[in-house]
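Next comes upload-v3.csv, a file with CSV, C-alpha atoms and all ligand atoms.
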```csv
chain,number,residue,atom,x,y,z
A,1,MET,CA,175.5,218.8,-70.8
A,2,GLY,CA,177.3,220.1,-67.8
A,3,ARG,CA,177.6,223.8,-68.3
A,4,ILE,CA,177.3,225.7,-65.0
A,5,VAL,CA,176.9,229.5,-64.8
A,6,LEU,CA,177.0,231.5,-61.6
A,7,ASP,CA,175.5,235.0,-62.1
A,8,LYS,CA,176.1,237.4,-59.2
A,9,VAL,CA,175.7,234.6,-56.7
A,10,LYS,CA,176.0,235.8,-53.2
A,11,LYS,CA,175.9,234.0,-49.8
A,12,THR,CA,175.5,235.4,-46.4
A,13,PHE,CA,175.2,233.5,-43.1
A,14,GLY,CA,173.3,235.9,-40.8
A,15,GLU,CA,175.3,239.2,-40.9
A,16,VAL,CA,178.4,237.6,-42.4
A,17,THR,CA,178.9,237.7,-46.2
A,18,VAL,CA,180.9,234.6,-47.1
A,19,ILE,CA,180.5,235.0,-50.9
A,20,PRO,CA,180.1,238.5,-52.2
A,21,PRO,CA,178.3,238.6,-55.6
A,22,LEU,CA,180.4,236.3,-57.8
A,23,ASP,CA,180.3,235.5,-61.5
A,24,LEU,CA,181.7,232.2,-62.9
A,25,GLU,CA,181.3,230.1,-66.0
A,26,ILE,CA,182.1,226.4,-66.0
A,27,GLU,CA,182.2,224.9,-69.5
A,28,ASP,CA,180.8,221.5,-70.4
A,29,GLY,CA,183.4,218.8,-69.8
A,30,GLU,CA,185.8,221.1,-68.0
A,31,PHE,CA,187.8,220.0,-64.9
A,32,VAL,CA,187.6,223.1,-62.7
A,33,VAL,CA,189.4,223.3,-59.4
A,34,PHE,CA,188.4,225.7,-56.6
A,35,VAL,CA,191.5,226.4,-54.5
A,36,GLY,CA,192.2,228.7,-51.6
A,37,PRO,CA,193.0,228.7,-47.9
A,38,SER,CA,190.8,227.2,-45.3
A,39,GLY,CA,187.6,229.2,-44.7
A,40,CYS,CA,187.7,231.1,-48.0
A,41,GLY,CA,184.4,229.7,-49.1
A,42,LYS,CA,185.3,226.8,-51.4
A,43,SER,CA,182.8,224.4,-49.8
A,44,THR,CA,180.1,227.0,-49.6
A,45,LEU,CA,180.4,227.7,-53.3
A,46,LEU,CA,180.3,224.0,-54.1
A,47,ARG,CA,177.3,223.5,-51.8
A,48,LEU,CA,175.5,226.4,-53.5
A,49,ILE,CA,176.1,224.7,-56.9
A,50,ALA,CA,174.8,221.4,-55.5
A,51,GLY,CA,171.8,223.1,-53.9
A,52,LEU,CA,172.8,222.0,-50.4
A,53,GLU,CA,172.8,225.7,-49.5
A,54,ASP,CA,170.3,228.4,-50.9
A,55,VAL,CA,171.8,231.4,-52.5
A,56,SER,CA,171.1,234.8,-50.8
A,57,SER,CA,170.9,236.4,-54.2
A,58,GLY,CA,171.9,235.8,-57.8
A,59,GLN,CA,171.2,233.0,-60.2
A,60,ILE,CA,172.7,229.5,-60.9
A,61,ARG,CA,172.1,228.1,-64.4
A,62,ILE,CA,172.8,224.5,-65.4
A,63,ASP,CA,172.7,223.8,-69.1
A,64,GLY,CA,170.9,227.1,-69.7
A,65,GLN,CA,168.1,226.3,-67.2
A,66,ASP,CA,167.6,228.4,-64.0
A,67,ALA,CA,168.5,225.9,-61.2
A,68,THR,CA,168.6,228.5,-58.4
A,69,ASN,CA,165.6,227.1,-56.6
A,70,VAL,CA,165.7,223.5,-57.9
A,71,ALA,CA,166.1,220.8,-55.3
A,72,PRO,CA,169.6,219.2,-55.1
A,73,ALA,CA,168.4,215.8,-56.4
A,74,LYS,CA,166.8,217.4,-59.5
A,75,ARG,CA,169.9,219.4,-60.6
A,76,GLY,CA,171.4,216.5,-62.4
A,77,LEU,CA,174.7,216.9,-60.4
A,78,ALA,CA,176.4,214.3,-58.2
A,79,MET,CA,178.4,215.3,-55.1
A,80,VAL,CA,181.2,212.9,-54.2
A,81,PHE,CA,181.6,212.8,-50.4
A,82,GLN,CA,184.6,211.4,-48.6
A,83,SER,CA,184.7,207.6,-48.4
A,84,TYR,CA,183.6,207.6,-44.8
A,85,ALA,CA,180.1,208.5,-46.0
A,86,LEU,CA,179.7,204.8,-47.1
A,87,TYR,CA,177.2,202.5,-45.3
A,88,PRO,CA,179.4,200.0,-43.3
A,89,HIS,CA,176.6,197.4,-43.1
A,90,MET,CA,176.0,197.3,-46.9
A,91,SER,CA,177.9,195.6,-49.6
A,92,VAL,CA,179.9,197.7,-52.1
A,93,ARG,CA,177.2,196.8,-54.7
A,94,LYS,CA,174.4,198.1,-52.4
A,95,ASN,CA,176.4,201.2,-51.5
A,96,ILE,CA,176.9,202.1,-55.2
A,97,ALA,CA,173.3,201.2,-56.0
A,98,PHE,CA,171.9,203.3,-53.1
A,99,PRO,CA,171.0,206.5,-54.9
A,100,LEU,CA,169.3,204.6,-57.7
A,101,LYS,CA,167.3,202.5,-55.2
A,102,MET,CA,166.2,205.7,-53.5
A,103,ALA,CA,165.1,207.0,-57.0
A,104,LYS,CA,163.1,203.7,-57.4
A,105,MET,CA,164.9,202.8,-60.6
A,106,GLU,CA,164.1,199.4,-62.1
A,107,GLN,CA,166.5,196.6,-60.7
A,108,ALA,CA,167.8,195.5,-64.1
A,109,GLU,CA,168.9,199.1,-64.9
A,110,ILE,CA,170.4,199.5,-61.5
A,111,ASP,CA,172.4,196.3,-62.0
A,112,ARG,CA,173.6,197.5,-65.4
A,113,ARG,CA,174.8,200.8,-64.1
A,114,VAL,CA,176.5,199.4,-61.0
A,115,ASP,CA,178.3,196.8,-63.1
A,116,SER,CA,179.4,199.4,-65.6
A,117,ALA,CA,180.6,201.8,-62.8
A,118,ALA,CA,182.4,198.9,-61.1
A,119,SER,CA,184.2,198.0,-64.3
A,120,VAL,CA,185.3,201.6,-64.9
A,121,LEU,CA,186.6,201.8,-61.3
A,122,ASN,CA,188.2,198.4,-61.1
A,123,LEU,CA,185.8,197.4,-58.3
A,124,THR,CA,184.2,194.4,-60.0
A,125,PRO,CA,186.0,191.8,-57.7
A,126,TYR,CA,184.9,193.7,-54.6
A,127,LEU,CA,181.2,194.2,-55.2
A,128,GLU,CA,180.0,191.7,-52.5
A,129,ARG,CA,182.5,193.0,-49.9
A,130,ARG,CA,181.7,195.5,-47.1
A,131,PRO,CA,183.5,198.9,-47.0
A,132,GLY,CA,185.4,197.7,-43.9
A,133,GLN,CA,187.1,195.0,-46.0
A,134,LEU,CA,188.5,197.5,-48.6
A,135,SER,CA,191.6,199.8,-48.7
A,136,GLY,CA,191.2,203.5,-48.4
A,137,GLY,CA,191.6,204.0,-52.1
A,138,GLN,CA,189.0,201.3,-52.9
A,139,ARG,CA,186.6,202.9,-50.5
A,140,GLN,CA,187.1,206.3,-52.2
A,141,ARG,CA,186.3,204.6,-55.5
A,142,VAL,CA,183.1,203.2,-54.1
A,143,ALA,CA,182.1,206.8,-53.2
A,144,ILE,CA,182.9,207.9,-56.7
A,145,GLY,CA,180.9,204.9,-58.1
A,146,ARG,CA,177.9,206.0,-56.2
A,147,ALA,CA,178.1,209.3,-58.2
A,148,ILE,CA,178.8,207.7,-61.5
A,149,VAL,CA,175.7,205.5,-61.5
A,150,ARG,CA,173.6,208.6,-61.5
A,151,GLU,CA,175.0,209.6,-64.8
A,152,PRO,CA,175.2,213.3,-63.7
A,153,ALA,CA,175.8,216.3,-65.9
A,154,ALA,CA,178.6,217.2,-63.5
A,155,PHE,CA,180.5,215.7,-60.6
A,156,LEU,CA,181.2,217.9,-57.5
A,157,PHE,CA,184.1,216.9,-55.3
A,158,ASP,CA,184.9,218.5,-51.9
A,159,GLU,CA,188.4,217.6,-50.8
A,160,PRO,CA,187.7,213.9,-51.6
A,161,LEU,CA,191.3,212.8,-50.9
A,162,SER,CA,192.0,214.7,-47.7
A,163,ASN,CA,191.6,211.7,-45.4
A,164,LEU,CA,193.9,209.4,-47.5
A,165,ASP,CA,197.6,209.1,-46.9
A,166,ALA,CA,200.0,210.9,-49.1
A,167,ALA,CA,201.0,208.0,-51.4
A,168,LEU,CA,197.3,207.0,-52.0
A,169,ARG,CA,196.4,210.6,-52.7
A,170,VAL,CA,198.8,210.8,-55.6
A,171,GLY,CA,197.3,207.6,-57.1
A,172,MET,CA,193.8,208.7,-56.6
A,173,ARG,CA,194.5,212.1,-58.3
A,174,LEU,CA,195.6,210.2,-61.4
A,175,GLU,CA,192.6,207.9,-61.2
A,176,ILE,CA,190.2,210.9,-61.0
A,177,SER,CA,192.0,212.6,-63.9
A,178,GLU,CA,191.7,209.4,-65.9
A,179,LEU,CA,188.0,209.1,-65.1
A,180,HIS,CA,187.5,212.7,-66.3
A,181,LYS,CA,189.2,211.8,-69.6
A,182,ARG,CA,187.1,208.7,-70.0
A,183,LEU,CA,183.7,210.2,-69.0
A,184,ALA,CA,184.3,213.7,-70.5
A,185,THR,CA,181.9,215.0,-67.9
A,186,THR,CA,182.3,218.3,-66.1
A,187,MET,CA,184.0,218.0,-62.7
A,188,VAL,CA,184.2,220.7,-60.1
A,189,TYR,CA,186.8,219.9,-57.5
A,190,VAL,CA,187.6,221.7,-54.3
A,191,THR,CA,191.0,221.5,-52.6
A,192,HIS,CA,193.3,223.6,-50.5
A,193,ASP,CA,196.2,221.6,-52.1
A,194,GLN,CA,198.1,223.6,-54.8
A,195,VAL,CA,199.7,220.5,-56.3
A,196,GLU,CA,196.3,218.9,-56.7
A,197,ALA,CA,195.0,222.0,-58.4
A,198,MET,CA,198.0,222.4,-60.7
A,199,THR,CA,198.1,218.7,-61.8
A,200,MET,CA,194.3,218.1,-62.2
A,201,ALA,CA,192.7,221.3,-63.4
A,202,ASP,CA,191.8,222.5,-66.9
A,203,LYS,CA,190.9,225.7,-65.1
A,204,ILE,CA,191.7,226.9,-61.6
A,205,VAL,CA,189.6,229.3,-59.6
A,206,VAL,CA,191.7,231.0,-56.9
A,207,LEU,CA,189.5,232.2,-54.0
A,208,GLN,CA,190.3,234.4,-51.1
A,209,ALA,CA,187.6,235.4,-48.6
A,210,GLY,CA,184.9,234.5,-51.1
A,211,VAL,CA,186.3,236.6,-53.8
A,212,ILE,CA,187.8,235.2,-57.1
A,213,GLU,CA,191.3,236.4,-57.3
A,214,GLN,CA,192.0,234.8,-60.7
A,215,VAL,CA,190.6,232.2,-63.0
A,216,GLY,CA,192.9,230.5,-65.5
A,217,SER,CA,194.7,227.5,-66.7
A,218,PRO,CA,197.5,226.1,-64.4
A,219,LEU,CA,200.1,227.5,-66.7
A,220,THR,CA,198.5,230.9,-66.9
A,221,LEU,CA,198.3,231.2,-63.1
A,222,TYR,CA,201.8,229.9,-62.7
A,223,HIS,CA,203.4,232.3,-65.2
A,224,THR,CA,201.2,235.3,-65.0
A,225,PRO,CA,199.6,235.5,-61.5
A,226,ARG,CA,197.5,238.6,-61.3
A,227,ASN,CA,198.6,239.6,-57.8
A,228,LYS,CA,200.7,238.7,-54.8
A,229,PHE,CA,198.1,236.4,-53.3
A,230,VAL,CA,197.9,234.2,-56.5
A,231,ALA,CA,201.6,234.3,-56.9
A,232,GLY,CA,202.1,233.2,-53.2
A,233,PHE,CA,199.5,230.5,-53.5
A,234,ILE,CA,200.4,228.9,-56.9
A,235,GLY,CA,202.5,231.3,-58.9
A,236,SER,CA,206.2,231.0,-59.6
A,237,PRO,CA,208.5,232.8,-57.2
A,238,ARG,CA,209.3,236.3,-58.4
B,1,LIG,P1,186.4,226.4,-47.1
B,1,LIG,O1,185.7,225.2,-47.6
B,1,LIG,O2,187.1,227.2,-48.1
B,1,LIG,O3,187.3,226.0,-46.0
B,1,LIG,P2,183.8,227.2,-46.1
B,1,LIG,O4,183.0,227.4,-47.4
B,1,LIG,O5,183.6,225.9,-45.4
B,1,LIG,O6,185.3,227.4,-46.4
B,1,LIG,O7,183.5,228.4,-45.1
B,1,LIG,C1,183.6,229.7,-45.5
B,1,LIG,C2,183.2,230.6,-44.4
B,1,LIG,O8,181.8,230.5,-44.2
B,1,LIG,C3,183.9,230.3,-43.1
B,1,LIG,O9,184.1,231.5,-42.4
B,1,LIG,C4,182.8,229.5,-42.3
B,1,LIG,O10,183.0,229.6,-41.0
B,1,LIG,C5,181.5,230.1,-42.8
B,1,LIG,N1,180.4,229.1,-42.8
B,1,LIG,C6,180.3,228.0,-43.6
B,1,LIG,N2,179.1,227.4,-43.4
B,1,LIG,C7,178.5,228.1,-42.5
B,1,LIG,C8,177.2,228.0,-41.8
B,1,LIG,N3,176.4,227.0,-42.1
B,1,LIG,N4,176.9,229.0,-40.9
B,1,LIG,C9,177.7,230.0,-40.7
B,1,LIG,N5,178.9,230.2,-41.2
B,1,LIG,C10,179.3,229.3,-42.1
B,2,MG,MG,185.8,223.2,-47.2
```
Would you mind writing the structure in this file as structure tokens?
Ligand code: ADP
Ligand code: MG
Amino acid sequence: MGRIVLDKVKKTFGEVTVIPPLDLEIEDGEFVVFVGPSGCGKSTLLRLIAGLEDVSSGQIRIDGQDATNVAPAKRGLAMVFQSYALYPHMSVRKNIAFPLKMAKMEQAEIDRRVDSAASVLNLTPYLERRPGQLSGGQRQRVAIGRAIVREPAAFLFDEPLSNLDAALRVGMRLEISELHKRLATTMVYVTHDQVEAMTMADKIVVLQAGVIEQVGSPLTLYHTPRNKFVAGFIGSPR
């Protein structure tokens, strides 16, 4: 579970083509990072996968099923928003439980999933606190917890650490990588930060103006960048 295939996926906003037809395969359990400069279409691509934007043409398949016109909540994916998307008036427990409440899940199952996610994320002592009483890193973990309880086929992250300070960011990178190892679930992670891409990815997708410049492992891209753009962005100096 968690294989995502983009087949000639294209996105235009009005007259502007942001993503020309693009093919991409994300394997089950892979940690894939979309990297590229601001405005290159990373968020748009992630939102197309999530279903938060409609494709202009092409097909998105999730685990072999055509998901192109499937509603976001029915795709089996969980988007992790930045921690400021938490509800300040709700406890951590209620914030994490929120998507399950919305889905009208039985309370005993909600409690089981929230307790399990809290344990994985080391949030158990903080479940009755409000987001305002937590550190930035803890708040980010609550945002991740809210995704975990949905037991998604894949997690989608859009620059989740960009509003954390540098020291915290390094710690959270490690935590997300650890989480990936533990859950073995597909993760698609958007960043404009080369270090984040190099340290977290199984596979990096380098984007420029909506076009994939290269796809490969961090080592492949570092040692054999296909062009000057990739080399300048993450390759070794040559
Ligand atoms: P990134 O996440 O890589 O910074 P985005 O995917 O947010 O890039 O944006 C890619 C391009 O698409 C930008 O030129 C942006 O202005 C444009 N864009 C994104 N969303 C919209 C929208 N809803 N309407 C019009 N243009 C958009
Ligand atoms: Mg973006």
Problem - Surrounding residues of Gln65 of chain A excluding itself and chain neighbours under 6 positions, 10 Å, only C-alpha atoms, as a list in words - result: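 Near Gln65 of chain A, the qualifying residues are Arg3, Ile4, Val5 and Arg75 of chain A.
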Problem - Contacts to ligand LIG 1 (chain B) at 10 Å cut-off (all atoms listed in the file) as a ChimeraX atom specification - result: /A:11-19,34-48,53,158-159,190-192,207-210
Problem - Contacts of Ala50 of chain A at 9 Å (only C-alpha atoms; same-chain gap of 4+ positions) as a ChimeraX atom specification - result: /A:45-46,71-73,75,77-79,156
Same residues, C-alpha atoms, output as a CSV table (one decimal), in the frame of the given file:
```
chain,number,residue,atom,x,y,z
A,45,LEU,CA,180.4,227.7,-53.3
A,46,LEU,CA,180.3,224.0,-54.1
A,71,ALA,CA,166.1,220.8,-55.3
A,72,PRO,CA,169.6,219.2,-55.1
A,73,ALA,CA,168.4,215.8,-56.4
A,75,ARG,CA,169.9,219.4,-60.6
A,77,LEU,CA,174.7,216.9,-60.4
A,78,ALA,CA,176.4,214.3,-58.2
A,79,MET,CA,178.4,215.3,-55.1
A,156,LEU,CA,181.2,217.9,-57.5
```
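Coordinates place atom MG of ligand MG 2 (chain B) at a distance of 15.6 Å from atom CA of Val32 of chain A.
The space between atom CA of Pro152 of chain A and atom CA of Thr185 of chain A spans 8.1 Å.
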Handout entry: Which residue of A:Val205, A:Pro160, A:Asp165, A:Tyr126 approaches ligand MG 2 (chain B) most closely, using only C-alpha atoms and all ligand atoms
Key =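 Checking each candidate against ligand MG 2 (chain B), we get A:Pro160 as the closest.
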Handout entry: Contacts of Asn122 of chain A at 12 Å (only C-alpha atoms; same-chain gap of 6+ positions) as a list in words
Key = Val114, Asp115, Ser116, Gly137, Gln138, Arg139, Gln140, Arg141, Val142, Ile144, Gly145, Glu175 and Leu179 of chain A
Taking C-alpha atoms for each residue, export the selection above as a tab-separated table (two decimals), keeping the file's coordinate frame.
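Generated output (again_34.tsv):
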```tsv
chain	number	residue	atom	x	y	z
A	114	VAL	CA	176.50	199.40	-61.00
A	115	ASP	CA	178.30	196.80	-63.10
A	116	SER	CA	179.40	199.40	-65.60
A	137	GLY	CA	191.60	204.00	-52.10
A	138	GLN	CA	189.00	201.30	-52.90
A	139	ARG	CA	186.60	202.90	-50.50
A	140	GLN	CA	187.10	206.30	-52.20
A	141	ARG	CA	186.30	204.60	-55.50
A	142	VAL	CA	183.10	203.20	-54.10
A	144	ILE	CA	182.90	207.90	-56.70
A	145	GLY	CA	180.90	204.90	-58.10
A	175	GLU	CA	192.60	207.90	-61.20
A	179	LEU	CA	188.00	209.10	-65.10
```
Fill in the blank from the handout: From the list A:Pro88, A:Pro21, A:Gly29, A:Pro225, the nearest residue to Ile60 of chain A using all atoms listed in the file is A:Pro21
Handout entry: Counting only C-alpha atoms and all ligand atoms, the residue of A:Phe81, A:Phe229, A:Tyr222, A:Tyr87 that sits nearest ligand MG 2 (chain B)
Key =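 Ranking A:Phe81, A:Phe229, A:Tyr222, A:Tyr87 by distance to ligand MG 2 (chain B), first place goes to A:Phe81.
Closest approach to ligand MG 2 (chain B) among A:Gly232, A:Leu164, A:His89, A:Gln82: A:Gln82, based on all atoms listed in the file.
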Completion exercise
Judged by only C-alpha atoms and all ligand atoms, the minimum distance to ligand MG 2 (chain B) among A:Tyr84, A:Phe155, A:Phe98, A:Tyr189 is found for A:Tyr189
Give me segment 187-205 of chain A with N, CA and C atoms filled in, as a CSV table (one decimal), in the frame of the given file.
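Here's the written file part_21.csv:
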```csv
chain,number,residue,atom,x,y,z
A,187,MET,N,183.7,218.3,-64.1
A,187,MET,CA,184.0,218.0,-62.7
A,187,MET,C,184.4,219.3,-62.1
A,188,VAL,N,183.9,219.6,-60.9
A,188,VAL,CA,184.2,220.7,-60.1
A,188,VAL,C,184.8,220.2,-58.8
A,189,TYR,N,186.0,220.6,-58.5
A,189,TYR,CA,186.8,219.9,-57.5
A,189,TYR,C,187.4,220.9,-56.5
A,190,VAL,N,187.1,220.8,-55.3
A,190,VAL,CA,187.6,221.7,-54.3
A,190,VAL,C,188.8,221.1,-53.5
A,191,THR,N,189.8,221.9,-53.4
A,191,THR,CA,191.0,221.5,-52.6
A,191,THR,C,191.7,222.7,-52.0
A,192,HIS,N,192.5,222.5,-51.0
A,192,HIS,CA,193.3,223.6,-50.5
A,192,HIS,C,194.8,223.2,-50.9
A,193,ASP,N,194.9,222.2,-51.7
A,193,ASP,CA,196.2,221.6,-52.1
A,193,ASP,C,196.6,222.2,-53.5
A,194,GLN,N,197.7,223.0,-53.5
A,194,GLN,CA,198.1,223.6,-54.8
A,194,GLN,C,198.5,222.6,-55.8
A,195,VAL,N,199.2,221.5,-55.3
A,195,VAL,CA,199.7,220.5,-56.3
A,195,VAL,C,198.5,219.8,-56.9
A,196,GLU,N,197.5,219.5,-56.1
A,196,GLU,CA,196.3,218.9,-56.7
A,196,GLU,C,195.7,219.8,-57.8
A,197,ALA,N,195.6,221.1,-57.4
A,197,ALA,CA,195.0,222.0,-58.4
A,197,ALA,C,195.9,222.1,-59.7
A,198,MET,N,197.2,222.2,-59.5
A,198,MET,CA,198.0,222.4,-60.7
A,198,MET,C,198.0,221.1,-61.6
A,199,THR,N,197.9,219.9,-61.0
A,199,THR,CA,198.1,218.7,-61.8
A,199,THR,C,196.7,218.2,-62.3
A,200,MET,N,195.6,218.6,-61.7
A,200,MET,CA,194.3,218.1,-62.2
A,200,MET,C,193.5,219.0,-63.1
A,201,ALA,N,193.7,220.3,-62.9
A,201,ALA,CA,192.7,221.3,-63.4
A,201,ALA,C,192.9,221.6,-64.9
A,202,ASP,N,191.8,221.8,-65.6
A,202,ASP,CA,191.8,222.5,-66.9
A,202,ASP,C,191.8,224.0,-66.5
A,203,LYS,N,191.0,224.3,-65.5
A,203,LYS,CA,190.9,225.7,-65.1
A,203,LYS,C,190.9,225.8,-63.6
A,204,ILE,N,191.7,226.7,-63.1
A,204,ILE,CA,191.7,226.9,-61.6
A,204,ILE,C,191.0,228.2,-61.2
A,205,VAL,N,190.3,228.2,-60.2
A,205,VAL,CA,189.6,229.3,-59.6
A,205,VAL,C,190.2,229.6,-58.3
```
